[in-house]
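Asker: This is input-v4.txt (compact mmCIF, N, CA and C atoms).
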```txt
# COMPACT_ATOMS: atom_id res chain seq x y z
N MET A 1 -20.27 18.73 -5.45
CA MET A 1 -18.86 19.00 -5.20
C MET A 1 -18.25 19.56 -6.48
N ASN A 2 -17.48 20.61 -6.34
CA ASN A 2 -16.91 21.19 -7.54
C ASN A 2 -15.67 20.41 -8.00
N ILE A 3 -15.28 20.64 -9.22
CA ILE A 3 -14.20 19.87 -9.85
C ILE A 3 -12.86 20.13 -9.18
N ALA A 4 -12.58 21.37 -8.84
CA ALA A 4 -11.29 21.70 -8.21
C ALA A 4 -11.13 20.99 -6.87
N ARG A 5 -12.17 20.97 -6.10
CA ARG A 5 -12.12 20.30 -4.79
C ARG A 5 -11.92 18.80 -4.96
N ARG A 6 -12.60 18.20 -5.91
CA ARG A 6 -12.47 16.77 -6.18
C ARG A 6 -11.03 16.42 -6.58
N ARG A 7 -10.43 17.27 -7.40
CA ARG A 7 -9.04 17.03 -7.83
C ARG A 7 -8.07 17.12 -6.66
N ARG A 8 -8.29 18.11 -5.77
CA ARG A 8 -7.44 18.23 -4.57
C ARG A 8 -7.54 16.99 -3.71
N GLU A 9 -8.75 16.49 -3.52
CA GLU A 9 -8.95 15.31 -2.69
C GLU A 9 -8.29 14.09 -3.33
N GLN A 10 -8.40 13.95 -4.65
CA GLN A 10 -7.75 12.84 -5.34
C GLN A 10 -6.23 12.95 -5.21
N SER A 11 -5.71 14.16 -5.30
CA SER A 11 -4.27 14.39 -5.16
C SER A 11 -3.81 14.02 -3.76
N ASN A 12 -4.56 14.41 -2.75
CA ASN A 12 -4.23 14.07 -1.37
C ASN A 12 -4.25 12.56 -1.16
N THR A 13 -5.24 11.89 -1.71
CA THR A 13 -5.35 10.45 -1.59
C THR A 13 -4.17 9.76 -2.26
N ALA A 14 -3.78 10.23 -3.43
CA ALA A 14 -2.65 9.65 -4.14
C ALA A 14 -1.36 9.82 -3.34
N ALA A 15 -1.19 10.98 -2.72
CA ALA A 15 0.00 11.22 -1.91
C ALA A 15 0.03 10.31 -0.69
N ILE A 16 -1.10 10.10 -0.07
CA ILE A 16 -1.18 9.21 1.09
C ILE A 16 -0.89 7.78 0.66
N ASN A 17 -1.48 7.33 -0.44
CA ASN A 17 -1.23 5.97 -0.94
C ASN A 17 0.25 5.76 -1.23
N ALA A 18 0.89 6.76 -1.82
CA ALA A 18 2.32 6.66 -2.15
C ALA A 18 3.15 6.57 -0.87
N HIS A 19 2.82 7.36 0.13
CA HIS A 19 3.56 7.34 1.39
C HIS A 19 3.41 5.99 2.09
N VAL A 20 2.19 5.51 2.19
CA VAL A 20 1.95 4.22 2.83
C VAL A 20 2.68 3.11 2.07
N GLY A 21 2.65 3.17 0.76
CA GLY A 21 3.34 2.18 -0.06
C GLY A 21 4.83 2.18 0.16
N ARG A 22 5.42 3.36 0.26
CA ARG A 22 6.87 3.44 0.53
C ARG A 22 7.21 2.82 1.88
N ARG A 23 6.38 3.08 2.88
CA ARG A 23 6.63 2.53 4.21
C ARG A 23 6.49 1.01 4.22
N ILE A 24 5.51 0.49 3.48
CA ILE A 24 5.33 -0.96 3.38
C ILE A 24 6.57 -1.58 2.75
N ARG A 25 7.04 -0.98 1.67
CA ARG A 25 8.24 -1.49 0.98
C ARG A 25 9.46 -1.45 1.90
N GLU A 26 9.65 -0.34 2.62
CA GLU A 26 10.78 -0.23 3.54
C GLU A 26 10.76 -1.34 4.58
N CYS A 27 9.59 -1.58 5.15
CA CYS A 27 9.46 -2.62 6.18
C CYS A 27 9.71 -4.00 5.59
N ARG A 28 9.19 -4.25 4.41
CA ARG A 28 9.40 -5.55 3.76
C ARG A 28 10.88 -5.79 3.52
N ILE A 29 11.57 -4.77 3.05
CA ILE A 29 13.00 -4.90 2.77
C ILE A 29 13.79 -5.09 4.06
N MET A 30 13.42 -4.38 5.12
CA MET A 30 14.09 -4.55 6.41
C MET A 30 13.95 -5.98 6.93
N LEU A 31 12.80 -6.59 6.64
CA LEU A 31 12.57 -7.99 7.06
C LEU A 31 13.20 -8.99 6.10
N ARG A 32 13.81 -8.47 5.02
CA ARG A 32 14.46 -9.28 4.00
C ARG A 32 13.49 -10.30 3.37
N LEU A 33 12.31 -9.80 3.05
CA LEU A 33 11.29 -10.62 2.40
C LEU A 33 11.16 -10.20 0.94
N THR A 34 10.91 -11.17 0.07
CA THR A 34 10.57 -10.85 -1.30
C THR A 34 9.10 -10.45 -1.34
N GLN A 35 8.68 -9.84 -2.45
CA GLN A 35 7.26 -9.50 -2.57
C GLN A 35 6.41 -10.75 -2.53
N GLN A 36 6.90 -11.82 -3.10
CA GLN A 36 6.16 -13.08 -3.11
C GLN A 36 5.97 -13.60 -1.68
N GLU A 37 7.04 -13.64 -0.91
CA GLU A 37 6.95 -14.11 0.48
C GLU A 37 6.03 -13.22 1.30
N PHE A 38 6.19 -11.93 1.10
CA PHE A 38 5.38 -10.96 1.83
C PHE A 38 3.90 -11.12 1.51
N SER A 39 3.58 -11.22 0.23
CA SER A 39 2.17 -11.34 -0.17
C SER A 39 1.56 -12.64 0.36
N GLU A 40 2.32 -13.72 0.38
CA GLU A 40 1.82 -14.98 0.93
C GLU A 40 1.54 -14.86 2.43
N MET A 41 2.41 -14.13 3.13
CA MET A 41 2.24 -13.98 4.58
C MET A 41 0.97 -13.21 4.94
N ILE A 42 0.59 -12.25 4.10
CA ILE A 42 -0.60 -11.45 4.44
C ILE A 42 -1.84 -11.90 3.66
N GLY A 43 -1.68 -12.91 2.81
CA GLY A 43 -2.84 -13.49 2.15
C GLY A 43 -3.37 -12.73 0.96
N ILE A 44 -2.47 -12.11 0.20
CA ILE A 44 -2.88 -11.41 -1.03
C ILE A 44 -2.04 -11.93 -2.18
N ILE A 45 -2.43 -11.57 -3.41
CA ILE A 45 -1.64 -11.99 -4.56
C ILE A 45 -0.46 -11.04 -4.74
N ASN A 46 0.58 -11.52 -5.40
CA ASN A 46 1.80 -10.76 -5.57
C ASN A 46 1.54 -9.42 -6.28
N ARG A 47 0.70 -9.42 -7.27
CA ARG A 47 0.40 -8.19 -8.02
C ARG A 47 -0.21 -7.13 -7.11
N GLN A 48 -1.04 -7.55 -6.17
CA GLN A 48 -1.66 -6.60 -5.25
C GLN A 48 -0.60 -5.99 -4.32
N ALA A 49 0.35 -6.80 -3.87
CA ALA A 49 1.45 -6.28 -3.03
C ALA A 49 2.24 -5.25 -3.81
N TYR A 50 2.50 -5.53 -5.08
CA TYR A 50 3.22 -4.59 -5.94
C TYR A 50 2.46 -3.26 -6.03
N LYS A 51 1.15 -3.33 -6.22
CA LYS A 51 0.35 -2.13 -6.36
C LYS A 51 0.29 -1.35 -5.04
N TYR A 52 0.27 -2.05 -3.92
CA TYR A 52 0.32 -1.37 -2.62
C TYR A 52 1.61 -0.57 -2.50
N GLU A 53 2.73 -1.22 -2.81
CA GLU A 53 4.04 -0.58 -2.66
C GLU A 53 4.22 0.61 -3.59
N ARG A 54 3.61 0.58 -4.73
CA ARG A 54 3.72 1.68 -5.68
C ARG A 54 2.68 2.77 -5.43
N GLY A 55 1.74 2.54 -4.53
CA GLY A 55 0.71 3.52 -4.25
C GLY A 55 -0.37 3.58 -5.30
N ILE A 56 -0.47 2.54 -6.11
CA ILE A 56 -1.45 2.50 -7.19
C ILE A 56 -2.85 2.28 -6.62
N ILE A 57 -2.93 1.44 -5.59
CA ILE A 57 -4.22 1.18 -4.93
C ILE A 57 -4.08 1.43 -3.44
N SER A 58 -5.20 1.70 -2.80
CA SER A 58 -5.22 1.93 -1.36
C SER A 58 -5.19 0.61 -0.61
N VAL A 59 -4.60 0.63 0.57
CA VAL A 59 -4.56 -0.54 1.43
C VAL A 59 -5.77 -0.46 2.35
N CYS A 60 -6.61 -1.48 2.33
CA CYS A 60 -7.78 -1.47 3.21
C CYS A 60 -7.33 -1.73 4.65
N ALA A 61 -8.16 -1.40 5.59
CA ALA A 61 -7.81 -1.49 7.00
C ALA A 61 -7.45 -2.91 7.41
N GLY A 62 -8.18 -3.89 6.91
CA GLY A 62 -7.89 -5.27 7.26
C GLY A 62 -6.51 -5.71 6.79
N ASN A 63 -6.15 -5.34 5.57
CA ASN A 63 -4.83 -5.69 5.05
C ASN A 63 -3.75 -4.90 5.76
N LEU A 64 -4.03 -3.67 6.12
CA LEU A 64 -3.06 -2.88 6.86
C LEU A 64 -2.78 -3.52 8.23
N PHE A 65 -3.79 -4.07 8.84
CA PHE A 65 -3.62 -4.79 10.10
C PHE A 65 -2.73 -6.02 9.89
N GLU A 66 -3.00 -6.77 8.84
CA GLU A 66 -2.19 -7.96 8.52
C GLU A 66 -0.73 -7.58 8.27
N ILE A 67 -0.52 -6.51 7.54
CA ILE A 67 0.83 -6.04 7.25
C ILE A 67 1.54 -5.67 8.54
N GLY A 68 0.84 -4.99 9.41
CA GLY A 68 1.42 -4.62 10.71
C GLY A 68 1.76 -5.83 11.55
N SER A 69 1.01 -6.89 11.41
CA SER A 69 1.27 -8.12 12.16
C SER A 69 2.54 -8.82 11.68
N VAL A 70 2.85 -8.67 10.39
CA VAL A 70 4.04 -9.28 9.82
C VAL A 70 5.26 -8.59 10.39
```
I need this file expressed as structure tokens, please.

Answerer:
Amino acid sequence: MNIARRRREQSNTAAINAHVGRRIRECRIMLRLTQQEFSEMIGIINRQAYKYERGIISVCAGNLFEIGSV
């Protein structure tokens, strides 16, 4: 795989992570939950919830399901 293609894919992934994170944050705020309450409800640590909302890390399918259940 060439370098330019790899960078495009990383850029696309970062944009998707940021979008998903914004939506998670919007939903959490609509439910009037703190990050601490939210992270406890889905079974993750507070720092991980923060990273999800900022788009720093990707949300795995299992956690995305848990978030949707909340």

Asker: To one decimal place in Å, what is the distance between atom CA of Gly21 of chain A and atom CA of Arg8 of chain A?

Answerer: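 Separation between atom CA of Gly21 of chain A and atom CA of Arg8 of chain A: 19.9 Å.
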
Asker: Skip Tyr52 of chain A itself and residues of its chain fewer than 5 positions away, then list as a PyMOL selection string all residues within 9 Å of it, counting only C-alpha atoms.

Answerer: chain A and resi 17-18+20-22+24-25+47+57-59

Asker: Using all atoms of segment 24-34 of chain A that appear in the file, construct an axis-aligned enclosing box with 3 Å of padding on every side and provide its centre coordinates and edge lengths in Å, rounded to one decimal, as lines of an AutoDock Vina configuration file.

Answerer:
```
center_x = 9.9
center_y = -5.3
center_z = 2.9
size_x = 15.1
size_y = 17.7
size_z = 14.4
```

Asker: Enumerate, as a PyMOL selection string, the complete set of residues in chain A that a backbone-based DSSP assignment places in helix (DSSP H, G or I).

Answerer: chain A and resi 3-30+35-42+46-54+61-69

Asker: Just the selected residues (N, CA and C atoms), exported as a compact mmCIF listing (two decimals), in the coordinates of the input, please.

Answerer:
```
# COMPACT_ATOMS: atom_id res chain seq x y z
N ILE A 3 -15.28 20.64 -9.22
CA ILE A 3 -14.20 19.87 -9.85
C ILE A 3 -12.86 20.13 -9.18
N ALA A 4 -12.58 21.37 -8.84
CA ALA A 4 -11.29 21.70 -8.21
C ALA A 4 -11.13 20.99 -6.87
N ARG A 5 -12.17 20.97 -6.10
CA ARG A 5 -12.12 20.30 -4.79
C ARG A 5 -11.92 18.80 -4.96
N ARG A 6 -12.60 18.20 -5.91
CA ARG A 6 -12.47 16.77 -6.18
C ARG A 6 -11.03 16.42 -6.58
N ARG A 7 -10.43 17.27 -7.40
CA ARG A 7 -9.04 17.03 -7.83
C ARG A 7 -8.07 17.12 -6.66
N ARG A 8 -8.29 18.11 -5.77
CA ARG A 8 -7.44 18.23 -4.57
C ARG A 8 -7.54 16.99 -3.71
N GLU A 9 -8.75 16.49 -3.52
CA GLU A 9 -8.95 15.31 -2.69
C GLU A 9 -8.29 14.09 -3.33
N GLN A 10 -8.40 13.95 -4.65
CA GLN A 10 -7.75 12.84 -5.34
C GLN A 10 -6.23 12.95 -5.21
N SER A 11 -5.71 14.16 -5.30
CA SER A 11 -4.27 14.39 -5.16
C SER A 11 -3.81 14.02 -3.76
N ASN A 12 -4.56 14.41 -2.75
CA ASN A 12 -4.23 14.07 -1.37
C ASN A 12 -4.25 12.56 -1.16
N THR A 13 -5.24 11.89 -1.71
CA THR A 13 -5.35 10.45 -1.59
C THR A 13 -4.17 9.76 -2.26
N ALA A 14 -3.78 10.23 -3.43
CA ALA A 14 -2.65 9.65 -4.14
C ALA A 14 -1.36 9.82 -3.34
N ALA A 15 -1.19 10.98 -2.72
CA ALA A 15 0.00 11.22 -1.91
C ALA A 15 0.03 10.31 -0.69
N ILE A 16 -1.10 10.10 -0.07
CA ILE A 16 -1.18 9.21 1.09
C ILE A 16 -0.89 7.78 0.66
N ASN A 17 -1.48 7.33 -0.44
CA ASN A 17 -1.23 5.97 -0.94
C ASN A 17 0.25 5.76 -1.23
N ALA A 18 0.89 6.76 -1.82
CA ALA A 18 2.32 6.66 -2.15
C ALA A 18 3.15 6.57 -0.87
N HIS A 19 2.82 7.36 0.13
CA HIS A 19 3.56 7.34 1.39
C HIS A 19 3.41 5.99 2.09
N VAL A 20 2.19 5.51 2.19
CA VAL A 20 1.95 4.22 2.83
C VAL A 20 2.68 3.11 2.07
N GLY A 21 2.65 3.17 0.76
CA GLY A 21 3.34 2.18 -0.06
C GLY A 21 4.83 2.18 0.16
N ARG A 22 5.42 3.36 0.26
CA ARG A 22 6.87 3.44 0.53
C ARG A 22 7.21 2.82 1.88
N ARG A 23 6.38 3.08 2.88
CA ARG A 23 6.63 2.53 4.21
C ARG A 23 6.49 1.01 4.22
N ILE A 24 5.51 0.49 3.48
CA ILE A 24 5.33 -0.96 3.38
C ILE A 24 6.57 -1.58 2.75
N ARG A 25 7.04 -0.98 1.67
CA ARG A 25 8.24 -1.49 0.98
C ARG A 25 9.46 -1.45 1.90
N GLU A 26 9.65 -0.34 2.62
CA GLU A 26 10.78 -0.23 3.54
C GLU A 26 10.76 -1.34 4.58
N CYS A 27 9.59 -1.58 5.15
CA CYS A 27 9.46 -2.62 6.18
C CYS A 27 9.71 -4.00 5.59
N ARG A 28 9.19 -4.25 4.41
CA ARG A 28 9.40 -5.55 3.76
C ARG A 28 10.88 -5.79 3.52
N ILE A 29 11.57 -4.77 3.05
CA ILE A 29 13.00 -4.90 2.77
C ILE A 29 13.79 -5.09 4.06
N MET A 30 13.42 -4.38 5.12
CA MET A 30 14.09 -4.55 6.41
C MET A 30 13.95 -5.98 6.93
N GLN A 35 8.68 -9.84 -2.45
CA GLN A 35 7.26 -9.50 -2.57
C GLN A 35 6.41 -10.75 -2.53
N GLN A 36 6.90 -11.82 -3.10
CA GLN A 36 6.16 -13.08 -3.11
C GLN A 36 5.97 -13.60 -1.68
N GLU A 37 7.04 -13.64 -0.91
CA GLU A 37 6.95 -14.11 0.48
C GLU A 37 6.03 -13.22 1.30
N PHE A 38 6.19 -11.93 1.10
CA PHE A 38 5.38 -10.96 1.83
C PHE A 38 3.90 -11.12 1.51
N SER A 39 3.58 -11.22 0.23
CA SER A 39 2.17 -11.34 -0.17
C SER A 39 1.56 -12.64 0.36
N GLU A 40 2.32 -13.72 0.38
CA GLU A 40 1.82 -14.98 0.93
C GLU A 40 1.54 -14.86 2.43
N MET A 41 2.41 -14.13 3.13
CA MET A 41 2.24 -13.98 4.58
C MET A 41 0.97 -13.21 4.94
N ILE A 42 0.59 -12.25 4.10
CA ILE A 42 -0.60 -11.45 4.44
C ILE A 42 -1.84 -11.90 3.66
N ASN A 46 0.58 -11.52 -5.40
CA ASN A 46 1.80 -10.76 -5.57
C ASN A 46 1.54 -9.42 -6.28
N ARG A 47 0.70 -9.42 -7.27
CA ARG A 47 0.40 -8.19 -8.02
C ARG A 47 -0.21 -7.13 -7.11
N GLN A 48 -1.04 -7.55 -6.17
CA GLN A 48 -1.66 -6.60 -5.25
C GLN A 48 -0.60 -5.99 -4.32
N ALA A 49 0.35 -6.80 -3.87
CA ALA A 49 1.45 -6.28 -3.03
C ALA A 49 2.24 -5.25 -3.81
N TYR A 50 2.50 -5.53 -5.08
CA TYR A 50 3.22 -4.59 -5.94
C TYR A 50 2.46 -3.26 -6.03
N LYS A 51 1.15 -3.33 -6.22
CA LYS A 51 0.35 -2.13 -6.36
C LYS A 51 0.29 -1.35 -5.04
N TYR A 52 0.27 -2.05 -3.92
CA TYR A 52 0.32 -1.37 -2.62
C TYR A 52 1.61 -0.57 -2.50
N GLU A 53 2.73 -1.22 -2.81
CA GLU A 53 4.04 -0.58 -2.66
C GLU A 53 4.22 0.61 -3.59
N ARG A 54 3.61 0.58 -4.73
CA ARG A 54 3.72 1.68 -5.68
C ARG A 54 2.68 2.77 -5.43
N ALA A 61 -8.16 -1.40 5.59
CA ALA A 61 -7.81 -1.49 7.00
C ALA A 61 -7.45 -2.91 7.41
N GLY A 62 -8.18 -3.89 6.91
CA GLY A 62 -7.89 -5.27 7.26
C GLY A 62 -6.51 -5.71 6.79
N ASN A 63 -6.15 -5.34 5.57
CA ASN A 63 -4.83 -5.69 5.05
C ASN A 63 -3.75 -4.90 5.76
N LEU A 64 -4.03 -3.67 6.12
CA LEU A 64 -3.06 -2.88 6.86
C LEU A 64 -2.78 -3.52 8.23
N PHE A 65 -3.79 -4.07 8.84
CA PHE A 65 -3.62 -4.79 10.10
C PHE A 65 -2.73 -6.02 9.89
N GLU A 66 -3.00 -6.77 8.84
CA GLU A 66 -2.19 -7.96 8.52
C GLU A 66 -0.73 -7.58 8.27
N ILE A 67 -0.52 -6.51 7.54
CA ILE A 67 0.83 -6.04 7.25
C ILE A 67 1.54 -5.67 8.54
N GLY A 68 0.84 -4.99 9.41
CA GLY A 68 1.42 -4.62 10.71
C GLY A 68 1.76 -5.83 11.55
N SER A 69 1.01 -6.89 11.41
CA SER A 69 1.27 -8.12 12.16
C SER A 69 2.54 -8.82 11.68
```

Asker: Between A:Gln36, A:Ala49, A:Arg5, A:Cys27, single out the one closest to Val70 of chain A, counting all atoms listed in the file.

Answerer: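 Checking each candidate against Val70 of chain A, we get A:Cys27 as the closest.
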
Asker: Which value, in Å to one decimal, gives the distance between atom CA of Phe38 of chain A and atom CA of Phe65 of chain A?

Answerer: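 Rounded to one decimal, the two atoms are 13.7 Å apart.
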
Asker: Separation of atom CA of Ser39 of chain A and atom CA of Lys51 of chain A, in Å?

Answerer: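 We find that atom CA of Ser39 of chain A and atom CA of Lys51 of chain A lie 11.2 Å from each other.
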
Asker: For each of A:Asn12, A:Asn2, A:Glu26, A:Glu66, take the minimum atom-to-atom distance to Gly43 of chain A, counting only C-alpha atoms, then give the residue where this is smallest.

Answerer: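 Closest candidate: A:Glu66.
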
Asker: Output segment 9-38 of chain A from the block with N, CA and C atoms, as an mmCIF file, in the first residue's frame?

Answerer:
```cif
data_model
loop_
_atom_site.group_PDB
_atom_site.id
_atom_site.type_symbol
_atom_site.label_atom_id
_atom_site.label_comp_id
_atom_site.auth_asym_id
_atom_site.auth_seq_id
_atom_site.Cartn_x
_atom_site.Cartn_y
_atom_site.Cartn_z
ATOM 1 N N GLU A 9 -6.707 7.034 4.115
ATOM 2 C CA GLU A 9 -7.509 6.130 4.929
ATOM 3 C C GLU A 9 -7.473 6.536 6.394
ATOM 4 N N GLN A 10 -6.300 6.940 6.892
ATOM 5 C CA GLN A 10 -6.193 7.397 8.275
ATOM 6 C C GLN A 10 -7.011 8.666 8.477
ATOM 7 N N SER A 11 -6.996 9.553 7.496
ATOM 8 C CA SER A 11 -7.767 10.790 7.571
ATOM 9 C C SER A 11 -9.262 10.486 7.605
ATOM 10 N N ASN A 12 -9.712 9.560 6.774
ATOM 11 C CA ASN A 12 -11.119 9.166 6.756
ATOM 12 C C ASN A 12 -11.522 8.551 8.091
ATOM 13 N N THR A 13 -10.675 7.711 8.642
ATOM 14 C CA THR A 13 -10.957 7.082 9.922
ATOM 15 C C THR A 13 -11.055 8.126 11.025
ATOM 16 N N ALA A 14 -10.160 9.089 11.023
ATOM 17 C CA ALA A 14 -10.186 10.146 12.034
ATOM 18 C C ALA A 14 -11.467 10.968 11.925
ATOM 19 N N ALA A 15 -11.900 11.246 10.711
ATOM 20 C CA ALA A 15 -13.133 12.008 10.516
ATOM 21 C C ALA A 15 -14.347 11.227 11.008
ATOM 22 N N ILE A 16 -14.363 9.946 10.759
ATOM 23 C CA ILE A 16 -15.467 9.101 11.226
ATOM 24 C C ILE A 16 -15.470 9.039 12.744
ATOM 25 N N ASN A 17 -14.303 8.841 13.352
ATOM 26 C CA ASN A 17 -14.211 8.792 14.818
ATOM 27 C C ASN A 17 -14.701 10.098 15.434
ATOM 28 N N ALA A 18 -14.338 11.220 14.828
ATOM 29 C CA ALA A 18 -14.760 12.527 15.344
ATOM 30 C C ALA A 18 -16.273 12.683 15.235
ATOM 31 N N HIS A 19 -16.849 12.255 14.129
ATOM 32 C CA HIS A 19 -18.296 12.363 13.942
ATOM 33 C C HIS A 19 -19.047 11.494 14.956
ATOM 34 N N VAL A 20 -18.621 10.256 15.093
ATOM 35 C CA VAL A 20 -19.262 9.353 16.051
ATOM 36 C C VAL A 20 -19.134 9.911 17.466
ATOM 37 N N GLY A 21 -17.978 10.439 17.793
ATOM 38 C CA GLY A 21 -17.759 11.022 19.113
ATOM 39 C C GLY A 21 -18.671 12.197 19.388
ATOM 40 N N ARG A 22 -18.855 13.056 18.392
ATOM 41 C CA ARG A 22 -19.769 14.202 18.564
ATOM 42 C C ARG A 22 -21.192 13.724 18.815
ATOM 43 N N ARG A 23 -21.611 12.699 18.091
ATOM 44 C CA ARG A 23 -22.970 12.180 18.265
ATOM 45 C C ARG A 23 -23.148 11.545 19.643
ATOM 46 N N ILE A 24 -22.127 10.836 20.120
ATOM 47 C CA ILE A 24 -22.188 10.241 21.457
ATOM 48 C C ILE A 24 -22.332 11.338 22.499
ATOM 49 N N ARG A 25 -21.532 12.386 22.370
ATOM 50 C CA ARG A 25 -21.592 13.506 23.312
ATOM 51 C C ARG A 25 -22.966 14.181 23.286
ATOM 52 N N GLU A 26 -23.502 14.416 22.089
ATOM 53 C CA GLU A 26 -24.824 15.042 21.966
ATOM 54 C C GLU A 26 -25.887 14.215 22.684
ATOM 55 N N CYS A 27 -25.856 12.911 22.465
ATOM 56 C CA CYS A 27 -26.848 12.034 23.103
ATOM 57 C C CYS A 27 -26.680 12.018 24.615
ATOM 58 N N ARG A 28 -25.446 11.980 25.074
ATOM 59 C CA ARG A 28 -25.197 11.980 26.525
ATOM 60 C C ARG A 28 -25.730 13.256 27.151
ATOM 61 N N ILE A 29 -25.498 14.375 26.507
ATOM 62 C CA ILE A 29 -25.961 15.656 27.036
ATOM 63 C C ILE A 29 -27.489 15.730 27.001
ATOM 64 N N MET A 30 -28.110 15.223 25.946
ATOM 65 C CA MET A 30 -29.575 15.205 25.875
ATOM 66 C C MET A 30 -30.178 14.398 27.013
ATOM 67 N N LEU A 31 -29.479 13.332 27.408
ATOM 68 C CA LEU A 31 -29.944 12.494 28.524
ATOM 69 C C LEU A 31 -29.584 13.082 29.885
ATOM 70 N N ARG A 32 -28.858 14.213 29.854
ATOM 71 C CA ARG A 32 -28.416 14.906 31.064
ATOM 72 C C ARG A 32 -27.574 14.002 31.968
ATOM 73 N N LEU A 33 -26.648 13.301 31.334
ATOM 74 C CA LEU A 33 -25.730 12.424 32.056
ATOM 75 C C LEU A 33 -24.343 13.052 32.074
ATOM 76 N N THR A 34 -23.630 12.871 33.175
ATOM 77 C CA THR A 34 -22.225 13.253 33.210
ATOM 78 C C THR A 34 -21.424 12.157 32.512
ATOM 79 N N GLN A 35 -20.172 12.469 32.179
ATOM 80 C CA GLN A 35 -19.330 11.431 31.577
ATOM 81 C C GLN A 35 -19.160 10.264 32.538
ATOM 82 N N GLN A 36 -19.067 10.555 33.807
ATOM 83 C CA GLN A 36 -18.900 9.500 34.814
ATOM 84 C C GLN A 36 -20.126 8.581 34.830
ATOM 85 N N GLU A 37 -21.315 9.160 34.879
ATOM 86 C CA GLU A 37 -22.540 8.356 34.885
ATOM 87 C C GLU A 37 -22.662 7.541 33.603
ATOM 88 N N PHE A 38 -22.368 8.192 32.498
ATOM 89 C CA PHE A 38 -22.453 7.534 31.199
ATOM 90 C C PHE A 38 -21.491 6.358 31.107
#
```
